[in-house]
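Chemist: The structure's right below; bear with me while I get my questions together.
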Amino acid sequence: MEPGILIITLICGMLVSRIGLPPLIGYLVAGFVLFVLGIDKESLPLLQELASLGVTLLLFAIGLKLDIRSLFKAEVWAGSSVHLVLSIVVFVPILKLFGLLGLSQLTSLNLEQLTLIAFALSFSSTVFAVKVLEDKGDVQSLYGRVAIGILIMQDIFAVLFLTISKGDVPSVWAFALLLLPLAKPLIYKAFDRVGHGELLVLFGLVMALVVGAWLFESVGLKPDLGALIIGILLAGHKKSSELAKSLFYFKELFLVAFFLTIGLNGLPTVSDIVLAALLVLLVPLKILLFVYILTRFKLRSRTSMLGSFNLGNFSEFGLIVAAVATYKGWLPPEWLVIIAVALSFSFLLAAPLNATVGNIYQRFQQRLIKLEKRPLHPEDRPIAIGNPRFLILGMGRIGSGAYDELREQFDGEILGIEHKQDLVDLHKAKGRNVVQGDAADTDFWEKLDRAPNLELVLLAMPHHAGNMFAVEQLKKLNYQGKISAIVQYSDDAAALRESGVHSVYNLYEAAGAGFVDHVIYELLQDSEKNAAQAEEIAQVADPKINAESNS
């Protein structure tokens, strides 16, 4: 039956993609189809293992990109905590009202059970939200970082619940994990020596699944939390981004299994589907609560709304909470299926909402701006860039080299844009004029001050999609100067030229040409040096030869 499972999953994913929805919704549908065909989770233990691996690798990948300092920001730890409390306060009366209206699954539940359901529904899906952020390229944007921080805090709340509910107290050896940072130099040394091929992938899997998941589980802690923490430990290494990319397709493939297992929980009754649909009505309330709370922390209404829509869904951790609750007898068994269906419905709702959030914001912009608190959050204020002649988007090695070349002739007239704050600080320490901002994020262009004398924009970002996005935003700003860009592939170069870029620099072609130029220069220099040495020897030897011939 395994070939059939793959074929059905592929077909469902492709069909859903054709109508503009994320493939993961197709995988959920495939799970229900497989259940109708007589397949359940218990008959596919390997699928459950792969699903678990997918979530573990997802959290490990998040850790590789996470700045731990972001969790200590008020909008993250306080925002997530306040939202959890308010969600329970708001959801419980609504669930009680549904019960009074005659929904049998709710009529017999007491206050503690309703609170437990509200707690499960308060979580947002890490898998879905991060997937949407990755597809948009907004993981490093301010709203993306705030959303991921809140998701991680929710994961921590879930870990605390699971620990308490299972009655398992972590081993005393769990305190030994506090010594993990002391092993950081040794781990980094191994990281340096694994190279860039299959050893790098194997190193990442060992770190995520052994040092992270297995080690934490062995001392009574949640394995996914261990993968996240080990990812954070490795985040400061120069090859962390490369490791995340090398594990990308493993993570994506295993997450397919995760979404299939949701659909394999079982088919709901008609009344279960009706209740699940009614529960999805709570999603807009979740979004409104997030918008209100985040604006209280002085984030712009647009930032708050983007982050809130990203968090506007139910979570796979809600399923885990429901599974534990039904196993313990705290909730009737049908609630596991109801929450699974509600989760699926929330994904169906969240996908188009995230795709149209920009238009929704434009429609309600004037009302939303009234929610903003002044002064705005330091990271969410207008970006002052002065009046440069040259703007470099992306201050990696290529952007830095371009900056230094321009500085020889146009010092004081150049500005670099870099989204990583630690790199911004490094550039400033070296005397470069660089400000923090993500040019692949619409929010950056919304906050950017105008530069009337700007003559040239250099697109030095590593991803083609980011460079194309920047070109589109420059057009919207009616920029009339020149644009130059770097590319890795010839078809990317053609796309940039068609979009209006004036000059394109192919890294591989230019690297080959530069290599040849360098070799020729070195050979010519060596030959000239050898010729000069020969001439010196001849000049020294000539008098001796003449003297000998005369004698």
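We label chains A, B, ... in the order they appear in the structure tokens, count residues from 1 in each chain, and number ligands from 1 in the order shown.
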Under the rule of at most 9 Å, produce a per-residue listing of range 196-293 of chain A near range 29-41 of chain A: chain, number, name, the closest pair of atoms, and the distance in Å, as a Markdown table, using only C-alpha atoms.

Modeler:
```
| residue | atom | partner | partner_atom | distance |
| --- | --- | --- | --- | --- |
| A:Phe259 | CA | A:Gly31 | CA | 7.4 |
| A:Leu260 | CA | A:Gly31 | CA | 4.4 |
| A:Thr261 | CA | A:Gly31 | CA | 6.3 |
| A:Ile262 | CA | A:Gly31 | CA | 6.7 |
| A:Gly263 | CA | A:Gly31 | CA | 3.9 |
| A:Leu264 | CA | A:Gly31 | CA | 5.0 |
| A:Asn265 | CA | A:Lys41 | CA | 6.9 |
| A:Gly266 | CA | A:Phe35 | CA | 6.4 |
| A:Leu267 | CA | A:Phe32 | CA | 6.9 |
```

Chemist: Those selected residues, please, written with C-alpha atoms and delivered as a PDB file, in the first residue's frame.

Modeler:
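Output file result_20.pdb is given in full below:
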```
ATOM      1  CA  PHE A 259       0.296  16.484   7.961  1.00  0.00           C
ATOM      2  CA  LEU A 260      -0.764  13.025   6.768  1.00  0.00           C
ATOM      3  CA  THR A 261      -0.978  11.785  10.358  1.00  0.00           C
ATOM      4  CA  ILE A 262      -3.398  14.601  11.242  1.00  0.00           C
ATOM      5  CA  GLY A 263      -5.843  13.388   8.597  1.00  0.00           C
ATOM      6  CA  LEU A 264      -5.370   9.794   9.780  1.00  0.00           C
ATOM      7  CA  ASN A 265      -6.847  10.571  13.204  1.00  0.00           C
ATOM      8  CA  GLY A 266     -10.245   9.470  11.917  1.00  0.00           C
ATOM      9  CA  LEU A 267     -13.341  10.688  10.120  1.00  0.00           C
TER      10      LEU A 267
END
```

Chemist: Near Pro93 in chain A, within 10 Å and counting only C-alpha atoms, which residues show up once chain neighbours fewer than 4 positions away are dropped, as an MDAnalysis selection string?

Modeler: chainID A and resid 88:89 97:99 111 114:115 118

Chemist: Taking only C-alpha atoms into account, which of A:Leu348, A:Ile148, A:Ile117, A:Ala61 comes nearest Val280 in chain A?

Modeler: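 The shortest atom-to-atom distance to Val280 in chain A comes from A:Leu348.
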
Chemist: Measuring between only C-alpha atoms, which one of A:Gln480, A:Asn359, A:Gln48, A:Ser80 shows the shortest distance to Ala451 in chain A?

Modeler: A:Gln480

Chemist: So the first atom is CA of Ser271 in chain A and the second is CA of Trp335 in chain A; what is the distance between them in Å, to one decimal place?

Modeler: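 Separating CA of Ser271 in chain A from CA of Trp335 in chain A is a distance of 11.8 Å.
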
Chemist: Please determine, counting only C-alpha atoms, which residue among A:Val90, A:Ile25, A:Asp438, A:Asp67 has the shortest atom-to-atom distance to Cys12 in chain A.

Modeler: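 The closest residue to Cys12 in chain A is A:Ile25.
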
Chemist: Output as a tab-separated table one row per residue of range 394-468 of chain A within 12 Å of range 298-305 of chain A: the closest atom pair and its distance in Å to one decimal place, counting only C-alpha atoms, sorted by chain and residue number ascending.

Modeler:
```
residue	atom	partner	partner_atom	distance
A:Asp441	CA	A:Thr303	CA	11.1
A:Thr442	CA	A:Thr303	CA	10.3
A:Asp443	CA	A:Thr303	CA	7.5
A:Phe444	CA	A:Thr303	CA	10.6
A:Glu446	CA	A:Arg302	CA	9.6
A:Lys447	CA	A:Arg300	CA	10.3
```

Chemist: Report, in Å to a single decimal, how far apart CA of Leu255 in chain A and CA of Leu47 in chain A are.

Modeler: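 Going from CA of Leu47 in chain A over to CA of Leu255 in chain A, I get 10.2 Å.
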
Chemist: So which residues touch Phe317 in chain A within 9 Å, counting only C-alpha atoms, skipping near sequence neighbours fewer than 2 positions away, as a list in words?

Modeler: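 Counting only C-alpha atoms, the residues come to Ala120, Leu121, Phe123, Ser124, Ser125, Thr126, Gln154, Asp155, Ala158, Phe314, Ser315, Leu319, Ile320, Val321 and Ala322 of chain A.
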
Chemist: From range 221-439 of chain A, collect each residue whose DSSP state is alpha helix (DSSP H) and return the set as a ChimeraX atom specification.

Modeler: /A:223-234,240-246,248-263,270-280,282-296,301-310,316-328,334-355,357-369,397-410,421-429

Chemist: Extract, using only C-alpha atoms, all DNA, RNA and protein residues at most 7 Å from Met395 in chain A, discarding same-chain residues fewer than 5 positions from it, and format them as a list in words.

Modeler: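 The filter keeps Ser400, Gly416, Ile417 and Glu418 of chain A.
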
Chemist: Let me see the file: selected residues, N, CA and C atoms, as a PDB file, in the first residue's frame.

Modeler:
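The resulting file, again.pdb, is shown below:
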```pdb
ATOM      1  N   SER A 400      30.042  43.991   0.917  1.00  0.00           N
ATOM      2  CA  SER A 400      31.124  44.680   1.633  1.00  0.00           C
ATOM      3  C   SER A 400      32.256  45.061   0.685  1.00  0.00           C
ATOM      4  N   GLY A 416      24.870  51.080   3.210  1.00  0.00           N
ATOM      5  CA  GLY A 416      24.605  49.654   3.110  1.00  0.00           C
ATOM      6  C   GLY A 416      23.407  49.263   3.950  1.00  0.00           C
ATOM      7  N   ILE A 417      22.644  48.304   3.478  1.00  0.00           N
ATOM      8  CA  ILE A 417      21.491  47.779   4.214  1.00  0.00           C
ATOM      9  C   ILE A 417      21.743  46.301   4.504  1.00  0.00           C
ATOM     10  N   GLU A 418      21.633  45.902   5.768  1.00  0.00           N
ATOM     11  CA  GLU A 418      21.871  44.513   6.171  1.00  0.00           C
ATOM     12  C   GLU A 418      20.827  44.132   7.229  1.00  0.00           C
TER      13      GLU A 418
END
```
